[in-house]
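my_file.pdb, holding PDB, C-alpha atoms:
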```pdb
ATOM      1  CA  MET A1163      20.997   4.837  17.321
ATOM      2  CA  PRO A1164      17.492   5.311  16.026
ATOM      3  CA  ASP A1165      14.468   5.616  18.242
ATOM      4  CA  PRO A1166      13.619   2.184  19.757
ATOM      5  CA  LEU A1167       9.983   2.658  18.724
ATOM      6  CA  PHE A1168      11.123   3.178  15.139
ATOM      7  CA  VAL A1169      13.173  -0.030  15.296
ATOM      8  CA  PHE A1170      10.264  -1.960  16.796
ATOM      9  CA  PHE A1171       7.751  -0.860  14.164
ATOM     10  CA  ALA A1172      10.262  -1.249  11.338
ATOM     11  CA  ALA A1173      10.886  -4.858  12.399
ATOM     12  CA  LEU A1174       7.132  -5.437  12.704
ATOM     13  CA  THR A1175       6.492  -3.990   9.250
ATOM     14  CA  LEU A1176       9.280  -5.942   7.583
ATOM     15  CA  GLY A1177       8.210  -9.175   9.287
ATOM     16  CA  ALA A1178       4.617  -8.651   8.199
ATOM     17  CA  ALA A1179       5.780  -7.909   4.647
ATOM     18  CA  GLY A1180       7.736 -11.172   4.732
ATOM     19  CA  LEU A1181       4.576 -12.987   5.845
ATOM     20  CA  LEU A1182       2.675 -11.361   2.968
ATOM     21  CA  VAL A1183       5.244 -12.393   0.385
ATOM     22  CA  LEU A1184       6.095 -15.867   1.655
ATOM     23  CA  SER A1185       2.847 -17.334   3.014
ATOM     24  CA  ARG A1186       1.203 -19.793   0.654
ATOM     25  CA  ASN A1187      -2.282 -19.118   2.022
ATOM     26  CA  ALA A1188      -3.962 -16.006   0.596
ATOM     27  CA  VAL A1189      -5.807 -15.183   3.836
ATOM     28  CA  THR A1190      -2.547 -15.323   5.829
ATOM     29  CA  SER A1191      -1.010 -13.029   3.219
ATOM     30  CA  ALA A1192      -3.861 -10.580   3.707
ATOM     31  CA  MET A1193      -3.322 -10.641   7.488
ATOM     32  CA  GLY A1194       0.374  -9.898   6.911
ATOM     33  CA  MET A1195      -0.607  -7.015   4.639
ATOM     34  CA  ILE A1196      -2.895  -5.530   7.312
ATOM     35  CA  LEU A1197      -0.104  -5.771   9.897
ATOM     36  CA  ALA A1198       2.374  -4.154   7.480
ATOM     37  CA  LEU A1199      -0.025  -1.277   6.773
ATOM     38  CA  VAL A1200      -0.595  -0.708  10.489
ATOM     39  CA  GLY A1201       3.189  -0.705  10.969
ATOM     40  CA  ILE A1202       3.565   1.907   8.223
ATOM     41  CA  ALA A1203       0.818   3.963   9.888
ATOM     42  CA  ALA A1204       2.831   3.775  13.136
ATOM     43  CA  GLU A1205       5.877   5.080  11.250
ATOM     44  CA  PHE A1206       3.699   7.944  10.003
ATOM     45  CA  PHE A1207       2.848   8.741  13.615
ATOM     46  CA  LEU A1208       6.548   8.700  14.527
ATOM     47  CA  LEU A1209       7.120  11.143  11.642
ATOM     48  CA  ASP A1210       4.462  13.456  13.161
ATOM     49  CA  ALA A1211       2.121  12.866  10.194
ATOM     50  CA  TYR A1212      -0.810  12.058  12.466
ATOM     51  CA  PHE A1213      -3.532  12.806   9.924
ATOM     52  CA  LEU A1214      -1.960  10.543   7.326
ATOM     53  CA  GLY A1215      -1.494   7.764   9.878
ATOM     54  CA  VAL A1216      -5.188   7.868  10.748
ATOM     55  CA  LEU A1217      -6.069   7.999   7.054
ATOM     56  CA  GLN A1218      -3.816   5.028   6.366
ATOM     57  CA  VAL A1219      -5.513   2.904   9.026
ATOM     58  CA  LEU A1220      -9.024   3.950   7.982
ATOM     59  CA  VAL A1221      -8.649   3.663   4.220
ATOM     60  CA  TYR A1222      -5.980   1.013   3.730
ATOM     61  CA  ALA A1223      -6.110  -1.301   6.735
ATOM     62  CA  GLY A1224      -9.849  -0.761   6.989
ATOM     63  CA  ALA A1225     -11.682  -0.406   3.708
ATOM     64  CA  VAL A1226      -9.176  -1.721   1.174
ATOM     65  CA  MET A1227      -8.117  -4.807   3.103
ATOM     66  CA  VAL A1228     -11.709  -5.702   3.976
ATOM     67  CA  LEU A1229     -12.413  -5.567   0.242
ATOM     68  CA  PHE A1230      -9.432  -7.844  -0.388
ATOM     69  CA  LEU A1231     -10.522 -10.362   2.255
ATOM     70  CA  PHE A1232     -14.063 -10.285   0.888
ATOM     71  CA  ILE A1233     -12.857 -11.081  -2.629
ATOM     72  CA  ILE A1234     -10.461 -13.785  -1.394
ATOM     73  CA  MET A1235     -13.317 -15.505   0.421
ATOM     74  CA  LEU A1236     -15.766 -14.905  -2.459
ATOM     75  CA  LEU A1237     -13.459 -16.594  -4.963
ATOM     76  CA  ASN A1238     -12.766 -19.293  -2.365
ATOM     77  CA  THR A1239      -9.298 -20.071  -3.674
ATOM     78  CA  ASP A1240      -8.458 -21.714  -0.397
ATOM     79  CA  LYS A1241      -6.185 -24.383  -1.763
ATOM     80  CA  PRO A1242      -2.709 -23.009  -1.138
ATOM     81  CA  GLU A1243      -0.273 -22.428  -3.942
ATOM     82  CA  THR A1244       1.948 -25.367  -4.743
ATOM     83  CA  LYS A1245       5.591 -25.177  -3.835
ATOM     84  CA  TYR A1246       7.534 -22.614  -5.799
ATOM     85  CA  PRO A1247       9.677 -23.866  -8.635
ATOM     86  CA  TRP A1248      13.168 -23.220  -7.296
ATOM     87  CA  MET A1249      14.123 -21.187 -10.366
ATOM     88  CA  LYS A1250      11.373 -18.688  -9.629
ATOM     89  CA  ALA A1251      12.128 -18.549  -5.904
ATOM     90  CA  ALA A1252      15.822 -18.058  -6.642
ATOM     91  CA  GLY A1253      14.925 -15.322  -9.126
ATOM     92  CA  GLY A1254      12.790 -13.541  -6.549
ATOM     93  CA  LEU A1255      15.486 -13.864  -3.907
ATOM     94  CA  ALA A1256      18.113 -12.574  -6.348
ATOM     95  CA  VAL A1257      15.952  -9.557  -7.215
ATOM     96  CA  PHE A1258      15.356  -8.889  -3.513
ATOM     97  CA  LEU A1259      19.053  -9.099  -2.593
ATOM     98  CA  PHE A1260      20.197  -7.100  -5.622
ATOM     99  CA  LEU A1261      17.712  -4.282  -5.073
ATOM    100  CA  SER A1262      18.333  -4.252  -1.308
ATOM    101  CA  ALA A1263      22.042  -3.838  -1.968
ATOM    102  CA  GLY A1264      21.182  -1.059  -4.414
ATOM    103  CA  VAL A1265      18.998   0.694  -1.820
ATOM    104  CA  VAL A1266      21.732   0.492   0.818
ATOM    105  CA  ALA A1267      24.395   1.726  -1.612
ATOM    106  CA  LEU A1268      22.221   4.631  -2.761
ATOM    107  CA  ILE A1269      21.493   5.687   0.812
ATOM    108  CA  LEU A1270      25.167   5.456   1.799
ATOM    109  CA  HIS A1271      26.112   7.691  -1.137
ATOM    110  CA  SER A1272      23.373  10.245  -0.564
ATOM    111  CA  GLY A1273      23.414  13.039   1.961
ATOM    112  CA  ALA A1274      20.596  11.403   3.896
ATOM    113  CA  LEU A1275      22.826   9.562   6.326
ATOM    114  CA  ASP A1276      23.031  12.209   9.038
ATOM    115  CA  LYS A1277      20.047  14.301   8.042
ATOM    116  CA  VAL A1278      17.751  15.026  10.935
ATOM    117  CA  ALA A1279      14.508  16.982  10.860
ATOM    118  CA  GLY A1280      15.423  20.609  10.506
ATOM    119  CA  PRO A1281      14.451  23.883   8.911
ATOM    120  CA  THR A1282      13.389  24.158   5.300
ATOM    121  CA  PRO A1283      16.437  23.906   3.030
ATOM    122  CA  PRO A1284      17.219  27.138   1.132
ATOM    123  CA  GLU A1285      16.195  25.773  -2.261
ATOM    124  CA  LEU A1286      12.695  25.227  -0.903
ATOM    125  CA  SER A1287      12.553  28.344   1.218
ATOM    126  CA  ASN A1288       9.990  30.136  -0.985
ATOM    127  CA  ASN A1289       7.577  27.322  -0.224
ATOM    128  CA  PRO A1290       4.638  28.846   1.635
ATOM    129  CA  ALA A1291       3.589  25.591   3.307
ATOM    130  CA  GLU A1292       5.781  24.349   6.136
ATOM    131  CA  PHE A1293       5.228  20.904   7.582
ATOM    132  CA  ALA A1294       2.301  20.978   9.984
ATOM    133  CA  THR A1295       0.559  18.248  11.918
ATOM    134  CA  ALA A1296      -2.962  19.666  11.925
ATOM    135  CA  ALA A1297      -5.554  18.431   9.458
ATOM    136  CA  LYS A1298      -6.266  22.124   8.862
ATOM    137  CA  ALA A1299      -2.950  22.416   7.003
ATOM    138  CA  PHE A1300      -4.075  19.681   4.623
ATOM    139  CA  GLY A1301      -7.402  21.406   4.047
ATOM    140  CA  ARG A1302      -5.811  24.759   3.320
ATOM    141  CA  LEU A1303      -3.396  23.311   0.744
ATOM    142  CA  LEU A1304      -6.004  21.045  -0.832
ATOM    143  CA  TYR A1305      -8.329  23.962  -1.495
ATOM    144  CA  THR A1306      -5.667  26.388  -2.733
ATOM    145  CA  LYS A1307      -2.516  25.012  -4.333
ATOM    146  CA  TYR A1308      -3.894  21.542  -5.014
ATOM    147  CA  MET A1309      -7.419  22.474  -6.099
ATOM    148  CA  LEU A1310      -7.138  20.945  -9.591
ATOM    149  CA  PRO A1311      -5.648  17.611  -8.405
ATOM    150  CA  LEU A1312      -8.387  17.434  -5.773
ATOM    151  CA  GLN A1313     -11.086  17.818  -8.449
ATOM    152  CA  MET A1314      -9.284  15.242 -10.605
ATOM    153  CA  ALA A1315      -9.213  12.813  -7.673
ATOM    154  CA  GLY A1316     -12.947  13.255  -7.257
ATOM    155  CA  LEU A1317     -13.487  12.618 -10.962
ATOM    156  CA  LEU A1318     -11.252   9.557 -10.749
ATOM    157  CA  LEU A1319     -13.304   8.126  -7.891
ATOM    158  CA  LEU A1320     -16.500   8.688  -9.876
ATOM    159  CA  LEU A1321     -15.001   6.999 -12.926
ATOM    160  CA  ALA A1322     -13.818   4.071 -10.816
ATOM    161  CA  LEU A1323     -17.335   3.714  -9.416
ATOM    162  CA  VAL A1324     -18.897   3.670 -12.879
ATOM    163  CA  GLY A1325     -16.204   1.290 -14.151
ATOM    164  CA  VAL A1326     -16.685  -1.165 -11.301
ATOM    165  CA  VAL A1327     -20.464  -1.213 -11.790
ATOM    166  CA  ASN A1328     -19.939  -1.793 -15.494
ATOM    167  CA  LEU A1329     -17.350  -4.540 -14.931
ATOM    168  CA  SER A1330     -19.389  -6.438 -12.390
ATOM    169  CA  LYS A1331     -22.560  -6.648 -14.477
ATOM    170  CA  ASP A1332     -23.324 -10.183 -15.540
ATOM    171  CA  ALA A1333     -21.378 -10.879 -18.698
ATOM    172  CA  LYS A1334     -23.792 -12.012 -21.399
ATOM    173  CA  PRO A1335     -22.551 -14.978 -23.434
ATOM    174  CA  ASN A1336     -22.749 -13.017 -26.681
ATOM    175  CA  ALA A1337     -21.163  -9.892 -25.207
TER     176      ALA A1337
ATOM    177  CA  MET B 318      12.869  11.204  16.747
ATOM    178  CA  GLU B 319      16.148  12.902  17.701
ATOM    179  CA  HIS B 320      18.484  10.252  16.386
ATOM    180  CA  THR B 321      16.359   8.695  13.693
ATOM    181  CA  THR B 322      17.773  10.111  10.496
ATOM    182  CA  LEU B 323      16.260  10.312   7.053
ATOM    183  CA  ALA B 324      18.429   7.359   6.027
ATOM    184  CA  HIS B 325      16.651   5.031   8.469
ATOM    185  CA  HIS B 326      13.261   5.829   6.998
ATOM    186  CA  LEU B 327      14.506   5.552   3.422
ATOM    187  CA  LEU B 328      16.105   2.194   4.207
ATOM    188  CA  LEU B 329      12.832   0.864   5.606
ATOM    189  CA  ALA B 330      10.869   2.205   2.628
ATOM    190  CA  GLY B 331      13.362   0.743   0.163
ATOM    191  CA  LEU B 332      13.326  -2.675   1.798
ATOM    192  CA  LEU B 333       9.515  -2.739   1.855
ATOM    193  CA  PHE B 334       9.389  -1.729  -1.802
ATOM    194  CA  THR B 335      11.883  -4.450  -2.689
ATOM    195  CA  ALA B 336       9.958  -7.080  -0.730
ATOM    196  CA  GLY B 337       6.810  -6.072  -2.608
ATOM    197  CA  LEU B 338       8.590  -6.345  -5.951
ATOM    198  CA  ALA B 339       9.968  -9.785  -5.085
ATOM    199  CA  GLY B 340       6.424 -10.831  -4.147
ATOM    200  CA  VAL B 341       5.081  -9.607  -7.481
ATOM    201  CA  ILE B 342       7.703 -11.758  -9.199
ATOM    202  CA  ILE B 343       7.397 -15.002  -7.239
ATOM    203  CA  ARG B 344       3.699 -15.198  -6.310
ATOM    204  CA  ARG B 345       1.137 -16.746  -8.647
ATOM    205  CA  ASN B 346      -2.155 -15.990  -6.933
ATOM    206  CA  LEU B 347      -3.283 -12.765  -8.651
ATOM    207  CA  LEU B 348      -4.853 -11.460  -5.444
ATOM    208  CA  VAL B 349      -1.570 -11.814  -3.562
ATOM    209  CA  VAL B 350       0.326 -10.221  -6.455
ATOM    210  CA  TYR B 351      -2.093  -7.317  -6.191
ATOM    211  CA  MET B 352      -1.491  -6.998  -2.444
ATOM    212  CA  CYS B 353       2.252  -6.921  -3.099
ATOM    213  CA  LEU B 354       1.673  -4.056  -5.547
ATOM    214  CA  GLU B 355      -0.206  -2.232  -2.797
ATOM    215  CA  LEU B 356       2.746  -2.808  -0.464
ATOM    216  CA  MET B 357       5.029  -1.136  -3.019
ATOM    217  CA  LEU B 358       2.702   1.886  -3.103
ATOM    218  CA  ALA B 359       2.636   2.058   0.682
ATOM    219  CA  ALA B 360       6.459   1.903   0.814
ATOM    220  CA  ALA B 361       6.638   4.827  -1.607
ATOM    221  CA  THR B 362       4.263   6.839   0.576
ATOM    222  CA  LEU B 363       6.501   6.173   3.580
ATOM    223  CA  ALA B 364       9.476   7.657   1.685
ATOM    224  CA  LEU B 365       7.336  10.660   0.670
ATOM    225  CA  VAL B 366       6.275  11.362   4.245
ATOM    226  CA  ALA B 367       9.882  11.039   5.435
ATOM    227  CA  PHE B 368      11.123  13.546   2.835
ATOM    228  CA  SER B 369       8.241  15.851   3.647
ATOM    229  CA  ARG B 370       9.005  15.758   7.363
ATOM    230  CA  PHE B 371      12.758  16.120   7.096
ATOM    231  CA  ASN B 372      12.606  18.966   4.554
ATOM    232  CA  ASN B 373       9.859  20.715   6.496
ATOM    233  CA  THR B 374       7.516  21.119   3.549
ATOM    234  CA  MET B 375       3.920  20.009   3.275
ATOM    235  CA  ASP B 376       3.837  18.941  -0.381
ATOM    236  CA  GLY B 377       5.003  15.356   0.108
ATOM    237  CA  ALA B 378       2.284  14.753   2.676
ATOM    238  CA  ILE B 379      -0.342  16.123   0.281
ATOM    239  CA  LEU B 380       0.974  13.819  -2.427
ATOM    240  CA  VAL B 381       0.520  10.887  -0.031
ATOM    241  CA  PHE B 382      -3.088  11.978   0.395
ATOM    242  CA  PHE B 383      -3.591  11.687  -3.363
ATOM    243  CA  VAL B 384      -1.707   8.391  -3.542
ATOM    244  CA  ILE B 385      -4.092   6.906  -0.953
ATOM    245  CA  THR B 386      -7.085   8.181  -2.956
ATOM    246  CA  VAL B 387      -5.803   6.752  -6.222
ATOM    247  CA  ALA B 388      -4.881   3.455  -4.556
ATOM    248  CA  ALA B 389      -8.405   3.062  -3.175
ATOM    249  CA  ALA B 390      -9.943   3.645  -6.623
ATOM    250  CA  GLU B 391      -7.382   1.353  -8.213
ATOM    251  CA  VAL B 392      -8.095  -1.476  -5.766
ATOM    252  CA  ALA B 393     -11.817  -1.293  -6.502
ATOM    253  CA  VAL B 394     -11.297  -1.488 -10.274
ATOM    254  CA  GLY B 395      -8.558  -4.124 -10.063
ATOM    255  CA  LEU B 396     -10.583  -6.427  -7.831
ATOM    256  CA  ALA B 397     -13.590  -6.067 -10.153
ATOM    257  CA  LEU B 398     -11.320  -7.066 -13.042
ATOM    258  CA  ILE B 399     -10.015 -10.089 -11.104
ATOM    259  CA  VAL B 400     -13.590 -11.186 -10.287
ATOM    260  CA  ALA B 401     -14.596 -10.807 -13.939
ATOM    261  CA  LEU B 402     -11.535 -12.830 -14.949
ATOM    262  CA  TYR B 403     -12.441 -15.524 -12.430
ATOM    263  CA  ARG B 404     -15.993 -15.705 -13.776
ATOM    264  CA  ARG B 405     -14.691 -16.149 -17.294
ATOM    265  CA  THR B 406     -11.773 -18.534 -16.700
ATOM    266  CA  GLY B 407     -12.424 -20.103 -13.296
ATOM    267  CA  THR B 408      -8.956 -19.405 -11.937
ATOM    268  CA  VAL B 409      -6.913 -16.578 -10.433
ATOM    269  CA  SER B 410      -3.572 -18.330 -10.729
ATOM    270  CA  SER B 411      -1.231 -16.623 -13.124
ATOM    271  CA  ASP B 412       0.412 -19.855 -14.332
ATOM    272  CA  GLN B 413      -2.942 -21.150 -15.585
ATOM    273  CA  LEU B 414      -3.758 -17.909 -17.385
ATOM    274  CA  ASN B 415      -1.492 -18.657 -20.328
ATOM    275  CA  THR B 416      -3.878 -18.409 -23.270
ATOM    276  CA  LEU B 417      -1.619 -15.956 -25.058
ATOM    277  CA  CYS B 418       1.366 -18.235 -24.420
ATOM    278  CA  ASP B 419       0.473 -21.099 -26.699
TER     279      ASP B 419
END
```
Let me see whether you can do it: turn the structure in this file into structure tokens.
Amino acid sequence: MPDPLFVFFAALTLGAAGLLVLSRNAVTSAMGMILALVGIAAEFFLLDAYFLGVLQVLVYAGAVMVLFLFIIMLLNTDKPETKYPWMKAAGGLAVFLFLSAGVVALILHSGALDKVAGPTPPELSNNPAEFATAAKAFGRLLYTKYMLPLQMAGLLLLLALVGVVNLSKDAKPNA
Amino acid sequence: MEHTTLAHHLLLAGLLFTAGLAGVIIRRNLLVVYMCLELMLAAATLALVAFSRFNNTMDGAILVFFVITVAAAEVAVGLALIVALYRRTGTVSSDQLNTLCD
């Protein structure tokens, strides 16, 4: 039996994801998304990834979802979507069931079924960085092994900033 | 933690990813479609953290750090695109954005 806290937060996350997918009101969907992200952050905490859980709440459930809610209210698309055509709903349901069955089958056929947290497997044993909970471990790796990706991420954020400013300028009629 | 195996976490991540994909298929409000895409990213990060924890290596967790960074940048650009689209066409519903269709 898994940890009851894991079961609780898994049910919360899946329920919130269902609210996100099925609600016809965009604001309700956004609330479901926030709940799902907080649930995922709780799973991060249960996996001892405390730093990432905090980051998830701050960046995703905080900044990103506030941006989403702001845009939803700015565009004021408050009339809910009309009822789904049944073909489309059936297609979505079929995709969901098919892929869920695929996920379950894959997991049953992998070695993950009885794997519990343990020592580093031998094929990864020359890895210098063991799993650590402290933010210090992130900092050390980010400034040594992952220096180039870190710089690229910074460049990407700068480019996104410039792109957003450029996109949100008033479009001239002759542009 | 003792009896929660890797399979439990992977099952949760897989189901979340699948729910997000189904949402991308059935929803027509572009903003909600975009949120479903974000849910798929978040499900993938959950699988990464689980692998990282159960294999006792740090690299998966670092990758999640970068995924969160990229997702934040991507949301900013994507929402700016959706606002620009709304200014030009007056709608964010994907079944009315069918100019290339006919």
**Message:** Applying the ChimeraX specification (/A :<7) & /B to the file I just gave you, which residues come out? Please list them as an MDAnalysis selection string.
**Reply:** chainID B and resid 318 320:324 328:329 331:333 335:336 339:340 342:343 349 363 367 370:375 379 386 389:390 393:394 397:398 401
**Message:** As an exercise, work out the distance from atom CA of Gly377 of chain B to atom CA of Gly1201 of chain A in Å and give it to one decimal place.
**Reply:** 19.5 Å
**Prompt:** So, counting all atoms listed in the file, which residue among A:Phe1232, A:Leu1197, A:Asn1238, A:Gly1224 is closest to Thr408 of chain B?
**Reply:** A:Asn1238
**Message:** Would you compute the distance between atom CA of Leu338 of chain B and atom CA of Val366 of chain B? Give it in Å to one decimal.
**Reply:**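 It comes out at 20.6 Å.
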**Residues within 9 Å of Thr362 of chain B, all atoms listed in the file, excluding chain neighbours under 2 positions, as a list in words** =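 Once the adjacent positions are removed, what remains is Ala330, Met357, Leu358, Ala359, Ala360, Ala364, Leu365, Val366, Ala367, Gly377, Ala378, Leu380, Val381, Phe382, Val384 and Ile385 of chain B.
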**Message:** I'd like the interatomic distance between atom CA of Ala1223 of chain A and atom CA of Val1200 of chain A, to a tenth of an Å.
**Reply:**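 Result for atom CA of Ala1223 of chain A versus atom CA of Val1200 of chain A: 6.7 Å, one decimal.
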Since the input has fewer atoms than a full residue there, write segment 335-360 of chain B out with N, CA and C atoms, as a PDB file, keeping the file's coordinate frame.
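Saved file selection.pdb follows:
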```pdb
ATOM      1  N   THR B 335      11.218  -3.302  -2.083  1.00  0.00           N
ATOM      2  CA  THR B 335      11.883  -4.450  -2.689  1.00  0.00           C
ATOM      3  C   THR B 335      11.168  -5.745  -2.352  1.00  0.00           C
ATOM      4  N   ALA B 336      10.711  -5.875  -1.106  1.00  0.00           N
ATOM      5  CA  ALA B 336       9.958  -7.080  -0.730  1.00  0.00           C
ATOM      6  C   ALA B 336       8.694  -7.195  -1.566  1.00  0.00           C
ATOM      7  N   GLY B 337       8.006  -6.046  -1.779  1.00  0.00           N
ATOM      8  CA  GLY B 337       6.810  -6.072  -2.608  1.00  0.00           C
ATOM      9  C   GLY B 337       7.112  -6.496  -4.029  1.00  0.00           C
ATOM     10  N   LEU B 338       8.232  -5.990  -4.574  1.00  0.00           N
ATOM     11  CA  LEU B 338       8.590  -6.345  -5.951  1.00  0.00           C
ATOM     12  C   LEU B 338       8.912  -7.830  -6.059  1.00  0.00           C
ATOM     13  N   ALA B 339       9.662  -8.347  -5.069  1.00  0.00           N
ATOM     14  CA  ALA B 339       9.968  -9.785  -5.085  1.00  0.00           C
ATOM     15  C   ALA B 339       8.678 -10.587  -5.025  1.00  0.00           C
ATOM     16  N   GLY B 340       7.703 -10.129  -4.220  1.00  0.00           N
ATOM     17  CA  GLY B 340       6.424 -10.831  -4.147  1.00  0.00           C
ATOM     18  C   GLY B 340       5.697 -10.823  -5.477  1.00  0.00           C
ATOM     19  N   VAL B 341       5.728  -9.678  -6.171  1.00  0.00           N
ATOM     20  CA  VAL B 341       5.081  -9.607  -7.481  1.00  0.00           C
ATOM     21  C   VAL B 341       5.711 -10.622  -8.424  1.00  0.00           C
ATOM     22  N   ILE B 342       7.031 -10.834  -8.278  1.00  0.00           N
ATOM     23  CA  ILE B 342       7.703 -11.758  -9.199  1.00  0.00           C
ATOM     24  C   ILE B 342       7.399 -13.209  -8.838  1.00  0.00           C
ATOM     25  N   ILE B 343       7.460 -13.576  -7.547  1.00  0.00           N
ATOM     26  CA  ILE B 343       7.397 -15.002  -7.239  1.00  0.00           C
ATOM     27  C   ILE B 343       5.981 -15.511  -7.004  1.00  0.00           C
ATOM     28  N   ARG B 344       5.024 -14.663  -6.640  1.00  0.00           N
ATOM     29  CA  ARG B 344       3.699 -15.198  -6.310  1.00  0.00           C
ATOM     30  C   ARG B 344       2.885 -15.451  -7.564  1.00  0.00           C
ATOM     31  N   ARG B 345       1.961 -16.429  -7.477  1.00  0.00           N
ATOM     32  CA  ARG B 345       1.137 -16.746  -8.647  1.00  0.00           C
ATOM     33  C   ARG B 345      -0.339 -16.477  -8.434  1.00  0.00           C
ATOM     34  N   ASN B 346      -0.768 -16.373  -7.180  1.00  0.00           N
ATOM     35  CA  ASN B 346      -2.155 -15.990  -6.933  1.00  0.00           C
ATOM     36  C   ASN B 346      -2.303 -14.498  -7.245  1.00  0.00           C
ATOM     37  N   LEU B 347      -3.180 -14.157  -8.208  1.00  0.00           N
ATOM     38  CA  LEU B 347      -3.283 -12.765  -8.651  1.00  0.00           C
ATOM     39  C   LEU B 347      -3.652 -11.831  -7.511  1.00  0.00           C
ATOM     40  N   LEU B 348      -4.465 -12.322  -6.560  1.00  0.00           N
ATOM     41  CA  LEU B 348      -4.853 -11.460  -5.444  1.00  0.00           C
ATOM     42  C   LEU B 348      -3.649 -11.101  -4.588  1.00  0.00           C
ATOM     43  N   VAL B 349      -2.756 -12.087  -4.374  1.00  0.00           N
ATOM     44  CA  VAL B 349      -1.570 -11.814  -3.562  1.00  0.00           C
ATOM     45  C   VAL B 349      -0.607 -10.908  -4.321  1.00  0.00           C
ATOM     46  N   VAL B 350      -0.493 -11.118  -5.636  1.00  0.00           N
ATOM     47  CA  VAL B 350       0.326 -10.221  -6.455  1.00  0.00           C
ATOM     48  C   VAL B 350      -0.175  -8.789  -6.309  1.00  0.00           C
ATOM     49  N   TYR B 351      -1.498  -8.636  -6.316  1.00  0.00           N
ATOM     50  CA  TYR B 351      -2.093  -7.317  -6.191  1.00  0.00           C
ATOM     51  C   TYR B 351      -1.795  -6.695  -4.834  1.00  0.00           C
ATOM     52  N   MET B 352      -1.832  -7.528  -3.770  1.00  0.00           N
ATOM     53  CA  MET B 352      -1.491  -6.998  -2.444  1.00  0.00           C
ATOM     54  C   MET B 352      -0.037  -6.565  -2.390  1.00  0.00           C
ATOM     55  N   CYS B 353       0.845  -7.310  -3.085  1.00  0.00           N
ATOM     56  CA  CYS B 353       2.252  -6.921  -3.099  1.00  0.00           C
ATOM     57  C   CYS B 353       2.426  -5.579  -3.813  1.00  0.00           C
ATOM     58  N   LEU B 354       1.637  -5.364  -4.879  1.00  0.00           N
ATOM     59  CA  LEU B 354       1.673  -4.056  -5.547  1.00  0.00           C
ATOM     60  C   LEU B 354       1.267  -2.949  -4.584  1.00  0.00           C
ATOM     61  N   GLU B 355       0.232  -3.223  -3.782  1.00  0.00           N
ATOM     62  CA  GLU B 355      -0.206  -2.232  -2.797  1.00  0.00           C
ATOM     63  C   GLU B 355       0.891  -1.950  -1.781  1.00  0.00           C
ATOM     64  N   LEU B 356       1.641  -3.003  -1.408  1.00  0.00           N
ATOM     65  CA  LEU B 356       2.746  -2.808  -0.464  1.00  0.00           C
ATOM     66  C   LEU B 356       3.798  -1.885  -1.067  1.00  0.00           C
ATOM     67  N   MET B 357       4.061  -2.024  -2.377  1.00  0.00           N
ATOM     68  CA  MET B 357       5.029  -1.136  -3.019  1.00  0.00           C
ATOM     69  C   MET B 357       4.547   0.311  -2.962  1.00  0.00           C
ATOM     70  N   LEU B 358       3.250   0.530  -3.208  1.00  0.00           N
ATOM     71  CA  LEU B 358       2.702   1.886  -3.103  1.00  0.00           C
ATOM     72  C   LEU B 358       2.867   2.441  -1.692  1.00  0.00           C
ATOM     73  N   ALA B 359       2.562   1.591  -0.702  1.00  0.00           N
ATOM     74  CA  ALA B 359       2.636   2.058   0.682  1.00  0.00           C
ATOM     75  C   ALA B 359       4.082   2.397   1.053  1.00  0.00           C
ATOM     76  N   ALA B 360       5.054   1.607   0.533  1.00  0.00           N
ATOM     77  CA  ALA B 360       6.459   1.903   0.814  1.00  0.00           C
ATOM     78  C   ALA B 360       6.836   3.254   0.217  1.00  0.00           C
TER      79      ALA B 360
END
```
